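Have a look at the structure below, then the notes.
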Amino acid sequence: MATLGLSMGGAYMVLPFLAIYLTVERHLSMSSSGAVLTTMIVLERGGTFLTGILSDRHSPKALMAAGMVAGGVGFLLLASARQLVVIVASAVLLGMGNAFFVPACKAVLAIAAEVYGPRVFALRTTAANAGSALGPLIGGVFYEHFTALLVAASILHLSCVFPVIRLQASTSSGGTPAMGVLKRAQSILSDPAAVWLMVASVGFWTCFSQFTLSFPLHAESVLGSAGAVGVFTTLNAVIIIFAQIFLVRIVLKRSDQAVGVIVRGMLLMVVAFASMMTGRSVVQLVMFIIFFSLSELFLGPALDTAAHAISPRGQEAAYLGFVSVGWAIGAVLGNYLAVSTFDLHPDSDSHLVTWGSCALIAIGTAAAFHLFRTTFRKRSSVLAAEPRGAVSDKSAA
């Protein structure tokens, strides 16, 4: 967990300012900046289906180490990037790095979740946000030396490789290597519960993507300072860290509560974007961050818990990775929404169309998850009653 927090701290010295850096410092258009961010997120989340399967079949620890290396090289390449093709190449490496790391890390946590319950997924959220609380403040203070920040992020990622290799915890999900990649993929793609969970999550990630593209640009125009934007990213992390106890002890006691928690989280997302439509000031920015952070607090661990609850033994990483594909699809849709709205209204005081659209998307997503609650509870209860000794063939149940 300490390694995760350290790597997230390095990443968040850079990521909240990346859209501003690319448009202001590297003079890319809004469309080009959106394309770079979309490339990174699509690879990061779209690739988790395959890397999750590889993690189940081989070694989660090896996938985690490879992710740290790719991320470190990606940040270092971005530090020297002057041409669009090099910037895109760095985005590819950064995306691949997270694609390798995330499902493998969650697979290790899934093993612990069988003993300690769904709170281990919330613990991962806390560790990640502990790093991201300090990172944006450092990034904001040293934004004028962004190249040095990129090098520092690279060093932090590469320094995490050795602790990952030395990881002593069990990194075997209990799957059978004899089960081929295509068979694993087929079993998930033919599972209605997994497909429903992934598709429904697209709405959340469409809304979430605004936090890395339209919100920083809007906040920078309101505040008149790129560095000050990092304060809101830090506030986002701090809220999640301190509210985590509420989520773990009261809201998400059992895995069968996960989808209900998701519904409540999406309703909070509606409030977040509705608040952005009420004015253009620091007050609206703070209100957005508060409700957005609470929504993220609910959704992050609950989505992982739901994916784990419907995954047969030995396919945890693949299911967790497959559900994360919703992030990739949502990022494409969300970035397209932000870019197209900006192109239509480049001189407007706020991205009102974007905020309104996201509020409507959040309402629809809450409804979709509500419809899924009964199916989810039946499926998770069936798997919970099974012996968890080998790969199950009930993924299509």
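Starting from 1 in every chain, residues are counted up; chains themselves are A, B, ... following the order of the structure tokens, and ligands are numbered from 1 as listed.
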
Could you build a table of the residues in segment 258-279 of chain A lying no more than 12 Å from segment 215-218 of chain A, giving for each the nearest pair of atoms and their separation in Å rounded to one decimal place, using only C-alpha atoms, ordered by chain and ascending residue number, as CSV?
residue,atom,partner,partner_atom,distance
A:Ala272,CA,A:Phe215,CA,11.8
A:Phe273,CA,A:Phe215,CA,10.5
A:Met276,CA,A:Phe215,CA,9.8

- Query: Neighbours of Val332 of chain A within 9 Å (only C-alpha atoms; same-chain residues fewer than 2 positions away dropped), as a VMD selection string?
  - Reply: chain A and resid 35 38 to 39 41 to 42 206 209 327 to 330 334 to 337

- Query: With only C-alpha atoms as the basis for distance, which of A:Tyr319, A:Trp196, A:Phe162, A:Tyr143 is at the shortest distance from Val259 of chain A?
  - Reply: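 For Val259 of chain A, the nearest of the given residues is A:Trp196.
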
- Task: Would you list the contacts of Thr365 of chain A as a PyMOL selection string, taking every protein, DNA or RNA residue within 8 Å and counting only C-alpha atoms, but skipping same-chain residues closer than 6 positions in sequence?
- Result: chain A and resi 200-201+203-204+263+266

- Item | Between atom CA of Ser295 of chain A and atom CA of Ser55 of chain A, distance in Å (one decimal) |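 Result for atom CA of Ser295 of chain A versus atom CA of Ser55 of chain A: 29.1 Å, one decimal.
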
- Item | Residue among A:Gly97, A:Pro103, A:Gly314, A:Gly260 lying closest to Phe49 of chain A, counting only C-alpha atoms |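 So, comparing all the options, the nearest one is A:Pro103.
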
- Task: Name the residues in contact with Ala258 of chain A at a cut-off of 7 Å, using only C-alpha atoms, excluding same-chain residues fewer than 5 positions from it; report them as a PyMOL selection string.
- Result: chain A and resi 252+302+305-306

- Message: What's around Ala243 of chain A at 9 Å? Count only C-alpha atoms, leave out sequence neighbours fewer than 4 positions away in its own chain, and write the answer as a ChimeraX atom specification.
- Response: /A:238-239,247,294,297

Prev. selection, all heavy atoms, output as a CSV table (one decimal), in the first residue's frame:
chain,number,residue,atom,x,y,z
A,238,VAL,N,-8.1,14.6,0.0
A,238,VAL,CA,-8.3,14.7,1.5
A,238,VAL,C,-9.7,14.3,1.9
A,238,VAL,O,-9.9,13.6,2.9
A,238,VAL,CB,-8.0,16.2,1.9
A,238,VAL,CG1,-8.4,16.4,3.4
A,238,VAL,CG2,-6.5,16.5,1.8
A,239,ILE,N,-10.7,14.8,1.1
A,239,ILE,CA,-12.1,14.4,1.5
A,239,ILE,C,-12.3,12.9,1.4
A,239,ILE,O,-12.9,12.3,2.3
A,239,ILE,CB,-13.1,15.1,0.5
A,239,ILE,CG1,-13.1,16.6,0.7
A,239,ILE,CG2,-14.5,14.5,0.6
A,239,ILE,CD1,-13.9,17.3,-0.4
A,247,LEU,N,-17.5,5.2,4.8
A,247,LEU,CA,-17.8,4.3,3.8
A,247,LEU,C,-17.6,2.8,4.2
A,247,LEU,O,-18.4,2.0,4.1
A,247,LEU,CB,-16.9,4.5,2.5
A,247,LEU,CG,-17.1,3.5,1.4
A,247,LEU,CD1,-18.4,3.5,0.8
A,247,LEU,CD2,-16.0,3.7,0.4
A,294,LEU,N,-17.2,12.8,-2.8
A,294,LEU,CA,-18.0,11.8,-2.2
A,294,LEU,C,-18.6,10.7,-3.1
A,294,LEU,O,-18.6,9.5,-2.8
A,294,LEU,CB,-19.2,12.5,-1.5
A,294,LEU,CG,-18.8,13.4,-0.3
A,294,LEU,CD1,-20.1,14.1,0.2
A,294,LEU,CD2,-18.2,12.6,0.8
A,297,LEU,N,-15.7,8.5,-3.8
A,297,LEU,CA,-15.5,7.7,-2.6
A,297,LEU,C,-16.4,6.4,-2.6
A,297,LEU,O,-16.0,5.3,-2.3
A,297,LEU,CB,-15.8,8.5,-1.4
A,297,LEU,CG,-15.8,7.8,-0.1
A,297,LEU,CD1,-14.4,7.4,0.3
A,297,LEU,CD2,-16.3,8.8,1.0

- Task: Do a neighbour search on Ala185 of chain A at 12 Å with only C-alpha atoms, toss out local chain neighbours closer than 5 positions, and write the hits as a list in words.
- Result: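 Counting only the stated atoms, we get Thr48, Phe49, Leu50, Thr51, Gly52, Ile53, Leu54, Asp56, Arg57, Met179, Gly180, Ser190, Asp191, Ala194, Val195, Gln315, Ala317, Ala318, Tyr319, Gly321, Phe322, Ser395 and Ala396 of chain A.
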
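Nearest to Phe101 of chain A of all the residues A:Val325, A:Val73, A:Met68, A:Leu197 is A:Met68, counting only C-alpha atoms.
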
- Task: Rank A:Gln83, A:Ser154, A:Ser324, A:Thr375 by their smallest atom-to-atom distance to Ala307 of chain A, using only C-alpha atoms, and report the top residue only.
- Result: A:Ser324

- Query: Nearest to Ile262 of chain A: which of A:His27, A:Phe288, A:Thr354, A:Phe372 is it, counting only C-alpha atoms?
  - Reply: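 Looking at the shortest contact to Ile262 of chain A, the residue is A:Phe372.
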
- Atom-to-atom span, atom CA of Ile165 of chain A and atom CA of Ser59 of chain A, Å: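 Spanning atom CA of Ile165 of chain A to atom CA of Ser59 of chain A is a straight-line distance of 11.0 Å.
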
- 9 Å contact set for Val164 of chain A, only C-alpha atoms, chain neighbours under 5 positions out, as a VMD selection string: chain A and resid 3 61 to 62 64 to 65 68

Go ahead and write the residues just picked, N, CA, C and O atoms, as a compact mmCIF listing (two decimals), in the first residue's frame.
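Output saved as out_31.txt:
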# COMPACT_ATOMS: atom_id res chain seq x y z
N THR A 3 3.78 1.51 -1.37
CA THR A 3 4.28 1.64 -2.74
C THR A 3 3.25 2.29 -3.64
O THR A 3 3.57 3.16 -4.45
N LYS A 61 2.50 -10.21 -9.65
CA LYS A 61 3.68 -9.45 -9.23
C LYS A 61 4.50 -8.98 -10.42
O LYS A 61 4.97 -7.83 -10.46
N ALA A 62 4.67 -9.83 -11.43
CA ALA A 62 5.43 -9.46 -12.63
C ALA A 62 4.72 -8.35 -13.40
O ALA A 62 5.36 -7.43 -13.91
N MET A 64 2.72 -6.09 -12.14
CA MET A 64 2.84 -4.85 -11.36
C MET A 64 4.21 -4.20 -11.59
O MET A 64 4.31 -2.99 -11.79
N ALA A 65 5.26 -4.99 -11.59
CA ALA A 65 6.60 -4.46 -11.81
C ALA A 65 6.74 -3.87 -13.22
O ALA A 65 7.32 -2.80 -13.41
N MET A 68 5.18 -0.45 -13.38
CA MET A 68 6.00 0.61 -12.79
C MET A 68 7.11 1.06 -13.75
O MET A 68 7.40 2.25 -13.88
